[in-house]
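Shown below: protein.tsv, with TSV, C-alpha atoms and all ligand atoms.
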chain	number	residue	atom	x	y	z
C	799	MET	CA	-3.14	-33.95	-1.30
C	800	TYR	CA	-5.46	-31.25	-0.01
C	801	GLY	CA	-8.56	-30.04	-1.85
C	802	ASN	CA	-9.24	-26.28	-1.54
C	803	ARG	CA	-11.71	-26.71	1.31
C	804	SER	CA	-9.59	-29.16	3.34
C	805	LEU	CA	-6.47	-27.01	2.73
C	806	LEU	CA	-8.38	-24.06	4.19
C	807	ARG	CA	-9.38	-26.19	7.22
C	808	HIS	CA	-5.74	-27.30	7.58
C	809	CYS	CA	-4.51	-23.67	7.46
C	810	GLU	CA	-7.13	-22.62	10.03
C	811	ARG	CA	-5.98	-25.42	12.33
C	812	CYS	CA	-2.35	-24.27	11.89
C	813	VAL	CA	-3.27	-20.69	12.83
C	814	ILE	CA	-5.15	-21.92	15.93
C	815	LEU	CA	-2.24	-24.19	16.89
C	816	MET	CA	0.26	-21.33	16.41
C	817	SER	CA	-1.75	-19.02	18.64
C	818	LEU	CA	-2.07	-21.73	21.31
C	819	MET	CA	1.69	-22.16	21.18
C	820	ASN	CA	2.15	-18.39	21.52
C	821	ILE	CA	3.90	-18.21	18.16
C	822	VAL	CA	4.04	-14.66	16.85
C	823	GLY	CA	5.77	-15.45	13.57
C	824	ILE	CA	8.02	-17.77	11.62
C	825	GLY	CA	10.80	-16.84	9.20
C	826	THR	CA	13.22	-18.69	6.99
C	827	ASP	CA	16.13	-17.73	4.77
C	828	ILE	CA	18.65	-19.36	2.45
C	829	ILE	CA	21.94	-17.93	1.14
C	830	GLU	CA	24.67	-19.14	-1.18
C	831	CYS	CA	27.90	-19.63	0.79
C	832	GLY	CA	29.83	-18.49	-2.31
C	833	ARG	CA	28.17	-15.06	-2.09
C	834	ILE	CA	29.39	-14.68	1.49
C	835	ALA	CA	32.86	-15.97	0.51
C	836	ARG	CA	33.06	-13.27	-2.19
C	837	MET	CA	32.06	-10.55	0.28
C	838	LEU	CA	34.69	-11.83	2.72
C	839	ASP	CA	37.29	-11.76	-0.07
C	840	HIS	CA	36.39	-8.33	-1.42
C	841	HIS	CA	35.41	-6.39	1.67
C	842	ALA	CA	36.97	-8.38	4.52
C	843	GLU	CA	36.62	-6.56	7.85
C	844	ARG	CA	34.42	-3.80	6.44
C	845	PHE	CA	31.85	-6.51	5.66
C	846	THR	CA	32.23	-8.60	8.83
C	847	ASN	CA	32.23	-5.59	11.17
C	848	HIS	CA	29.08	-4.21	9.54
C	849	VAL	CA	27.09	-7.48	9.64
C	850	PHE	CA	28.41	-9.58	12.52
C	851	THR	CA	29.13	-9.01	16.21
C	852	ASN	CA	32.64	-9.48	17.59
C	853	GLU	CA	31.65	-12.78	19.17
C	854	GLU	CA	30.11	-14.04	15.89
C	855	ILE	CA	33.29	-13.07	14.02
C	856	ARG	CA	35.44	-14.84	16.60
C	857	TYR	CA	33.33	-18.02	16.37
C	858	CYS	CA	33.11	-18.16	12.54
C	859	SER	CA	36.73	-17.18	11.92
C	860	GLY	CA	37.86	-20.03	14.15
C	861	ARG	CA	36.02	-22.69	12.10
C	862	LYS	CA	37.54	-24.72	9.25
C	863	VAL	CA	35.17	-23.34	6.56
C	864	ALA	CA	34.43	-19.89	7.95
C	865	GLU	CA	32.14	-18.74	5.13
C	866	GLN	CA	29.61	-21.49	5.88
C	867	HIS	CA	29.27	-20.30	9.48
C	868	PHE	CA	29.10	-16.63	8.44
C	869	ALA	CA	26.47	-17.61	5.85
C	870	GLY	CA	24.46	-19.45	8.53
C	871	ARG	CA	24.43	-16.33	10.67
C	872	TRP	CA	23.49	-14.13	7.71
C	873	ALA	CA	20.52	-16.46	7.07
C	874	ALA	CA	19.64	-16.45	10.79
C	875	LYS	CA	19.47	-12.64	10.93
C	876	GLU	CA	17.24	-12.50	7.84
C	877	ALA	CA	15.03	-15.31	9.24
C	878	VAL	CA	14.57	-13.42	12.53
C	879	LEU	CA	13.40	-10.27	10.72
C	880	LYS	CA	10.93	-12.40	8.75
C	881	ALA	CA	9.68	-13.95	12.01
C	882	PHE	CA	9.07	-10.40	13.29
C	883	GLY	CA	6.92	-9.88	10.20
C	884	THR	CA	8.66	-6.58	9.49
C	885	GLY	CA	11.72	-7.47	7.42
C	886	TRP	CA	14.55	-4.93	7.56
C	887	ILE	CA	13.14	-1.59	8.64
C	888	ALA	CA	14.65	1.70	9.75
C	889	GLY	CA	16.21	1.41	13.18
C	890	ILE	CA	17.26	-2.24	12.96
C	891	ALA	CA	20.85	-3.06	11.99
C	892	TRP	CA	22.53	-6.37	11.20
C	893	ARG	CA	24.44	-6.45	14.48
C	894	ASP	CA	21.21	-5.94	16.46
C	895	VAL	CA	20.46	-9.64	15.85
C	896	GLU	CA	23.17	-11.89	17.27
C	897	VAL	CA	23.59	-15.66	17.14
C	898	VAL	CA	24.98	-16.90	20.43
C	899	ILE	CA	26.21	-20.49	20.67
C	900	MET	CA	25.39	-22.45	23.83
C	901	PRO	CA	27.68	-25.13	25.27
C	902	GLY	CA	27.07	-28.16	23.04
C	903	GLY	CA	26.64	-26.04	19.92
C	904	LYS	CA	22.94	-25.07	20.07
C	905	PRO	CA	22.42	-21.57	18.59
C	906	THR	CA	20.25	-18.98	20.33
C	907	ILE	CA	19.26	-15.43	19.40
C	908	ARG	CA	20.22	-12.38	21.44
C	909	LEU	CA	18.62	-9.10	20.40
C	910	HIS	CA	20.12	-5.65	20.84
C	911	ARG	CA	19.07	-2.03	20.35
C	912	GLY	CA	16.51	-1.57	17.52
C	913	ALA	CA	15.74	-5.28	17.17
C	914	LEU	CA	15.21	-5.65	20.92
C	915	GLN	CA	12.91	-2.61	20.97
C	916	LYS	CA	10.89	-3.97	18.01
C	917	ALA	CA	10.58	-7.37	19.72
C	918	LEU	CA	9.28	-5.66	22.89
C	919	ASP	CA	6.79	-3.65	20.80
C	920	LEU	CA	5.55	-6.88	19.17
C	921	GLY	CA	5.32	-8.74	22.50
C	922	ILE	CA	8.05	-11.18	21.47
C	923	ALA	CA	9.82	-12.73	24.46
C	924	GLU	CA	12.14	-15.10	22.62
C	925	VAL	CA	13.22	-16.07	19.12
C	926	LEU	CA	14.07	-19.74	18.51
C	927	ILE	CA	16.57	-20.45	15.74
C	928	SER	CA	17.87	-23.41	13.80
C	929	ILE	CA	20.80	-23.17	11.35
C	930	SER	CA	22.13	-25.60	8.76
C	931	HIS	CA	24.84	-25.30	6.10
C	932	CYS	CA	26.70	-27.31	3.50
C	933	LYS	CA	29.28	-26.42	0.85
C	934	SER	CA	26.83	-24.55	-1.38
C	935	HIS	CA	24.15	-23.04	0.87
C	936	ALA	CA	23.27	-22.04	4.41
C	937	THR	CA	19.74	-21.87	5.75
C	938	ALA	CA	18.05	-20.82	8.96
C	939	THR	CA	14.57	-20.95	10.44
C	940	ALA	CA	13.39	-18.64	13.21
C	941	ILE	CA	10.27	-18.82	15.37
C	942	ALA	CA	9.28	-15.77	17.41
C	943	VAL	CA	7.29	-16.60	20.57
C	944	LYS	CA	5.39	-14.49	23.11
C	1001	LIG	C1	23.99	-30.66	15.73
C	1001	LIG	C2	24.14	-31.56	14.51
C	1001	LIG	C3	22.84	-32.31	14.30
C	1001	LIG	C4	24.45	-30.62	13.31
C	1001	LIG	O1	24.23	-31.29	12.07
C	1001	LIG	P1	25.27	-31.24	10.85
C	1001	LIG	O2	24.64	-31.93	9.71
C	1001	LIG	O3	26.60	-31.69	11.34
C	1001	LIG	O4	25.47	-29.70	10.49
C	1001	LIG	P2	24.43	-28.60	9.95
C	1001	LIG	O5	25.12	-27.79	8.93
C	1001	LIG	O6	23.11	-29.16	9.56
C	1001	LIG	O7	24.19	-27.72	11.24
C	1001	LIG	C5	25.22	-26.96	11.77
C	1001	LIG	C6	24.58	-26.04	12.76
C	1001	LIG	O8	23.83	-26.79	13.72
C	1001	LIG	C7	23.68	-25.99	14.88
C	1001	LIG	N1	23.90	-26.84	16.04
C	1001	LIG	C8	25.06	-27.35	16.50
C	1001	LIG	N2	24.83	-28.07	17.61
C	1001	LIG	C9	23.51	-28.00	17.88
C	1001	LIG	C10	22.68	-28.50	18.91
C	1001	LIG	N3	23.17	-29.23	19.92
C	1001	LIG	N4	21.35	-28.23	18.88
C	1001	LIG	C11	20.85	-27.47	17.89
C	1001	LIG	N5	21.60	-26.95	16.88
C	1001	LIG	C12	22.91	-27.22	16.88
C	1001	LIG	C13	24.73	-24.88	14.79
C	1001	LIG	O9	24.06	-23.65	14.58
C	1001	LIG	C14	25.56	-25.26	13.58
C	1001	LIG	O10	26.02	-24.18	12.82
C	1001	LIG	P3	27.14	-23.19	13.40
C	1001	LIG	O11	28.25	-24.02	13.93
C	1001	LIG	O12	27.52	-22.35	12.22
C	1001	LIG	O13	26.44	-22.37	14.47
C	1001	LIG	C15	25.29	-32.58	14.67
C	1001	LIG	O14	26.54	-31.94	14.47
C	1001	LIG	C16	25.28	-33.23	16.04
C	1001	LIG	O15	24.48	-34.12	16.30
C	1001	LIG	N6	26.16	-32.77	16.94
C	1001	LIG	C17	26.19	-33.24	18.32
C	1001	LIG	C18	27.00	-34.48	18.47
C	1001	LIG	C19	28.34	-34.32	17.87
C	1001	LIG	O16	28.99	-33.31	18.01
C	1001	LIG	N7	28.76	-35.36	17.18
C	1001	LIG	C20	30.01	-35.36	16.50
C	1001	LIG	C21	31.00	-36.22	17.19
C	1001	LIG	S1	30.42	-37.80	17.52

In C-alpha cells, write the structure found in this file.
Ligand SMILES: CC(C)(COP(=O)(O)OP(=O)(O)OC[C@H]1O[C@@H](n2cnc3c(N)ncnc32)[C@H](O)[C@@H]1OP(=O)(O)O)[C@@H](O)C(=O)NCCC(=O)NCCS
Amino acid sequence: MYGNRSLLRHCERCVILMSLMNIVGIGTDIIECGRIARMLDHHAERFTNHVFTNEEIRYCSGRKVAEQHFAGRWAAKEAVLKAFGTGWIAGIAWRDVEVVIMPGGKPTIRLHRGALQKALDLGIAEVLISISHCKSHATATAIAVK
C-alpha cells in the first residue's frame, strides 16, 4: 500500500509517463446492458438512429445478443468524451463518435463533425479504445493520444 508521500510520488511518475507517451487523457465508462435493452424495446429506431451510426447499427443488430454490443458502443462513446476531458458539450453528438471494427474484431474510434473538431482543438491525433461486455454490463476504456 502507498503512504501519502509515496502515493504522491507514484502519481507524479504517472503524469510524467503519460506526457512522455503523448497521452492527452483517459476515460472509462460502464453501462447496464438491461438499460440499453429497455431503450431498444421502448424506442427502437428512434433510439438507435439518434445514438449509433448506420454501420454500428448494422454490426450490433447482426450479433446474437445485440444489446451487449450496443451497450459496448454506448460505453465507448462516453469513455471517449471523458478522455477528451470535456464530457458531453454543445456541438458534440452521439453519432460524432463511431466505433469501427477492424478485420479480426479490434475496435477503433472514428470521429466526425463536432467530436473531430474538438479533437483537433485539443491536439488529439487518435483515440484508442477497448470494449468488454457480459450479460449484465458493458464497459469501455479510451485513451486519447497526441
Ligand atoms: C478479443 C477477445 C479477447 C474478446 O474477449 P471476450 O471475453 O470474448 O469478449 P469481451 O466482451 O471481453 O470483448 C468483446 C469485445 O472485444 C473487442 N475485440 C474483439 N476482437 C478484438 C481484438 N482482436 N483486439 C482487441 N479487441 C477486440 C470488441 O470490441 C468486442 O466487442 P464488440 O464485438 O461489441 O465490438 C476474444 O474474443 C479473442 O481472443 N478473440 C480472437 C480469437 C477468437 O476469435 N477466438 C475464438 C475462436 S477460437

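The environment of Pro905 in chain C within 7 Å, counting only C-alpha atoms and disregarding residues fewer than 4 places along the same chain, consists of Val897, Val898, Ile899, Met900, Ile927 and Ser928 of chain C.
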
Contacts of Gly889 in chain C within 10 Å, only C-alpha atoms, excl. fewer than 3 positions in-chain, as a ChimeraX atom specification:
/C:886,894,911-913,915-916

Would you compute an axis-aligned box for range 829-837 of chain C, covering every atom listed for it in the file with 5 Å of margin on each side, and report centre and edge lengths in Å to one decimal as lines of an AutoDock Vina configuration file?
center_x = 27.5
center_y = -15.1
center_z = -0.4
size_x = 21.1
size_y = 19.1
size_z = 13.8

Report the closest atom pair, with its distance in Å rounded to one decimal, for each residue of chain C that has an atom no farther than 10 Å from ligand LIG 1001 (chain C); count only C-alpha atoms and all ligand atoms, sort by chain and then rising residue number, and write it as a Markdown table.
| residue | atom | partner | partner_atom | distance |
| --- | --- | --- | --- | --- |
| C:Glu854 | CA | C:LIG1001 | O13 | 9.2 |
| C:Tyr857 | CA | C:LIG1001 | O11 | 8.2 |
| C:Cys858 | CA | C:LIG1001 | O12 | 7.0 |
| C:Arg861 | CA | C:LIG1001 | O11 | 8.1 |
| C:Val863 | CA | C:LIG1001 | O12 | 9.6 |
| C:Ala864 | CA | C:LIG1001 | O12 | 8.5 |
| C:Glu865 | CA | C:LIG1001 | O12 | 9.2 |
| C:Gln866 | CA | C:LIG1001 | O12 | 6.7 |
| C:His867 | CA | C:LIG1001 | O12 | 3.8 |
| C:Phe868 | CA | C:LIG1001 | O12 | 7.0 |
| C:Ala869 | CA | C:LIG1001 | O12 | 8.0 |
| C:Gly870 | CA | C:LIG1001 | O12 | 5.6 |
| C:Arg871 | CA | C:LIG1001 | O12 | 6.9 |
| C:Ala874 | CA | C:LIG1001 | O9 | 9.3 |
| C:Val897 | CA | C:LIG1001 | O13 | 7.8 |
| C:Val898 | CA | C:LIG1001 | O13 | 8.2 |
| C:Ile899 | CA | C:LIG1001 | O13 | 6.5 |
| C:Met900 | CA | C:LIG1001 | N3 | 8.1 |
| C:Pro901 | CA | C:LIG1001 | N3 | 8.1 |
| C:Gly902 | CA | C:LIG1001 | N3 | 5.1 |
| C:Gly903 | CA | C:LIG1001 | N2 | 3.6 |
| C:Lys904 | CA | C:LIG1001 | C10 | 3.6 |
| C:Pro905 | CA | C:LIG1001 | O9 | 4.8 |
| C:Thr906 | CA | C:LIG1001 | O9 | 8.3 |
| C:Ile927 | CA | C:LIG1001 | O9 | 8.2 |
| C:Ser928 | CA | C:LIG1001 | N5 | 6.0 |
| C:Ile929 | CA | C:LIG1001 | O9 | 4.6 |
| C:Ser930 | CA | C:LIG1001 | O5 | 3.7 |
| C:His931 | CA | C:LIG1001 | O5 | 3.8 |
| C:Cys932 | CA | C:LIG1001 | O5 | 5.7 |
| C:Lys933 | CA | C:LIG1001 | O5 | 9.2 |
| C:His935 | CA | C:LIG1001 | O5 | 9.4 |
| C:Ala936 | CA | C:LIG1001 | O5 | 7.5 |
| C:Thr937 | CA | C:LIG1001 | O5 | 8.6 |
| C:Ala938 | CA | C:LIG1001 | O9 | 8.7 |

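Distances from C:Glu843, C:Glu810, C:Glu876, C:Glu853 to Gly825 in chain C were compared using all atoms listed in the file, and the smallest one belongs to C:Glu876.
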
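The space between CA of Ala940 in chain C and CA of Leu926 in chain C spans 5.5 Å.
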
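A straight line drawn from CA of Leu920 in chain C to CA of Gly883 in chain C is 9.6 Å long.
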
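Between CA of Leu909 in chain C and CA of Arg893 in chain C the interatomic distance comes to 8.7 Å.
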
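For the choices C:Ile828, C:Ile922, C:Leu805, C:Val849, the atom-to-atom distance to Ala891 in chain C is smallest for C:Val849 when using only C-alpha atoms.
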
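If only C-alpha atoms are the atoms counted, then among C:Ile829, C:Ile834, C:Ile814, C:Cys809 the closest residue to Ala877 in chain C is C:Ile829.
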
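Nearest to Ser934 in chain C of all the residues C:Lys862, C:Arg811, C:Arg803, C:Arg833 is C:Arg833, counting all atoms listed in the file.
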
Write range 847-872 of chain C as a compact mmCIF listing (two decimals), in the frame of the given file, completed to N, CA and C atoms.
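And here is the file that came out, selection27.txt:
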# COMPACT_ATOMS: atom_id res chain seq x y z
N ASN C 847 32.54 -6.51 10.07
CA ASN C 847 32.23 -5.59 11.17
C ASN C 847 30.87 -4.92 11.03
N HIS C 848 30.39 -4.82 9.78
CA HIS C 848 29.08 -4.21 9.54
C HIS C 848 27.95 -5.20 9.87
N VAL C 849 28.18 -6.50 9.57
CA VAL C 849 27.09 -7.48 9.64
C VAL C 849 27.10 -8.30 10.94
N PHE C 850 28.30 -8.61 11.43
CA PHE C 850 28.41 -9.58 12.52
C PHE C 850 28.98 -8.94 13.79
N THR C 851 28.57 -9.50 14.94
CA THR C 851 29.13 -9.01 16.21
C THR C 851 30.54 -9.59 16.40
N ASN C 852 31.27 -9.01 17.33
CA ASN C 852 32.64 -9.48 17.59
C ASN C 852 32.66 -10.95 17.94
N GLU C 853 31.69 -11.37 18.74
CA GLU C 853 31.65 -12.78 19.17
C GLU C 853 31.32 -13.70 17.98
N GLU C 854 30.42 -13.26 17.09
CA GLU C 854 30.11 -14.04 15.89
C GLU C 854 31.35 -14.16 15.00
N ILE C 855 32.08 -13.06 14.85
CA ILE C 855 33.29 -13.07 14.02
C ILE C 855 34.32 -14.03 14.62
N ARG C 856 34.47 -13.97 15.93
CA ARG C 856 35.44 -14.84 16.60
C ARG C 856 35.07 -16.31 16.36
N TYR C 857 33.78 -16.64 16.53
CA TYR C 857 33.33 -18.02 16.37
C TYR C 857 33.54 -18.50 14.92
N CYS C 858 33.05 -17.73 13.96
CA CYS C 858 33.11 -18.16 12.54
C CYS C 858 34.55 -18.23 12.04
N SER C 859 35.34 -17.23 12.41
CA SER C 859 36.73 -17.18 11.92
C SER C 859 37.54 -18.37 12.43
N GLY C 860 37.12 -18.91 13.56
CA GLY C 860 37.86 -20.03 14.15
C GLY C 860 37.46 -21.39 13.58
N ARG C 861 36.49 -21.42 12.67
CA ARG C 861 36.02 -22.69 12.10
C ARG C 861 36.77 -22.99 10.80
N LYS C 862 36.75 -24.29 10.42
CA LYS C 862 37.54 -24.72 9.25
C LYS C 862 37.04 -24.04 7.96
N VAL C 863 35.72 -24.00 7.76
CA VAL C 863 35.17 -23.34 6.56
C VAL C 863 34.35 -22.14 7.03
N ALA C 864 35.05 -21.05 7.31
CA ALA C 864 34.43 -19.89 7.95
C ALA C 864 33.20 -19.39 7.20
N GLU C 865 33.26 -19.37 5.86
CA GLU C 865 32.14 -18.74 5.13
C GLU C 865 30.81 -19.46 5.36
N GLN C 866 30.87 -20.76 5.63
CA GLN C 866 29.61 -21.49 5.88
C GLN C 866 28.97 -21.01 7.18
N HIS C 867 29.80 -20.74 8.18
CA HIS C 867 29.27 -20.30 9.48
C HIS C 867 28.80 -18.84 9.40
N PHE C 868 29.57 -18.01 8.67
CA PHE C 868 29.10 -16.63 8.44
C PHE C 868 27.77 -16.66 7.67
N ALA C 869 27.69 -17.53 6.66
CA ALA C 869 26.47 -17.61 5.85
C ALA C 869 25.29 -18.06 6.72
N GLY C 870 25.52 -19.00 7.62
CA GLY C 870 24.46 -19.45 8.53
C GLY C 870 23.93 -18.32 9.39
N ARG C 871 24.85 -17.46 9.84
CA ARG C 871 24.43 -16.33 10.67
C ARG C 871 23.74 -15.25 9.84
N TRP C 872 24.19 -15.06 8.63
CA TRP C 872 23.49 -14.13 7.71
C TRP C 872 22.04 -14.59 7.56
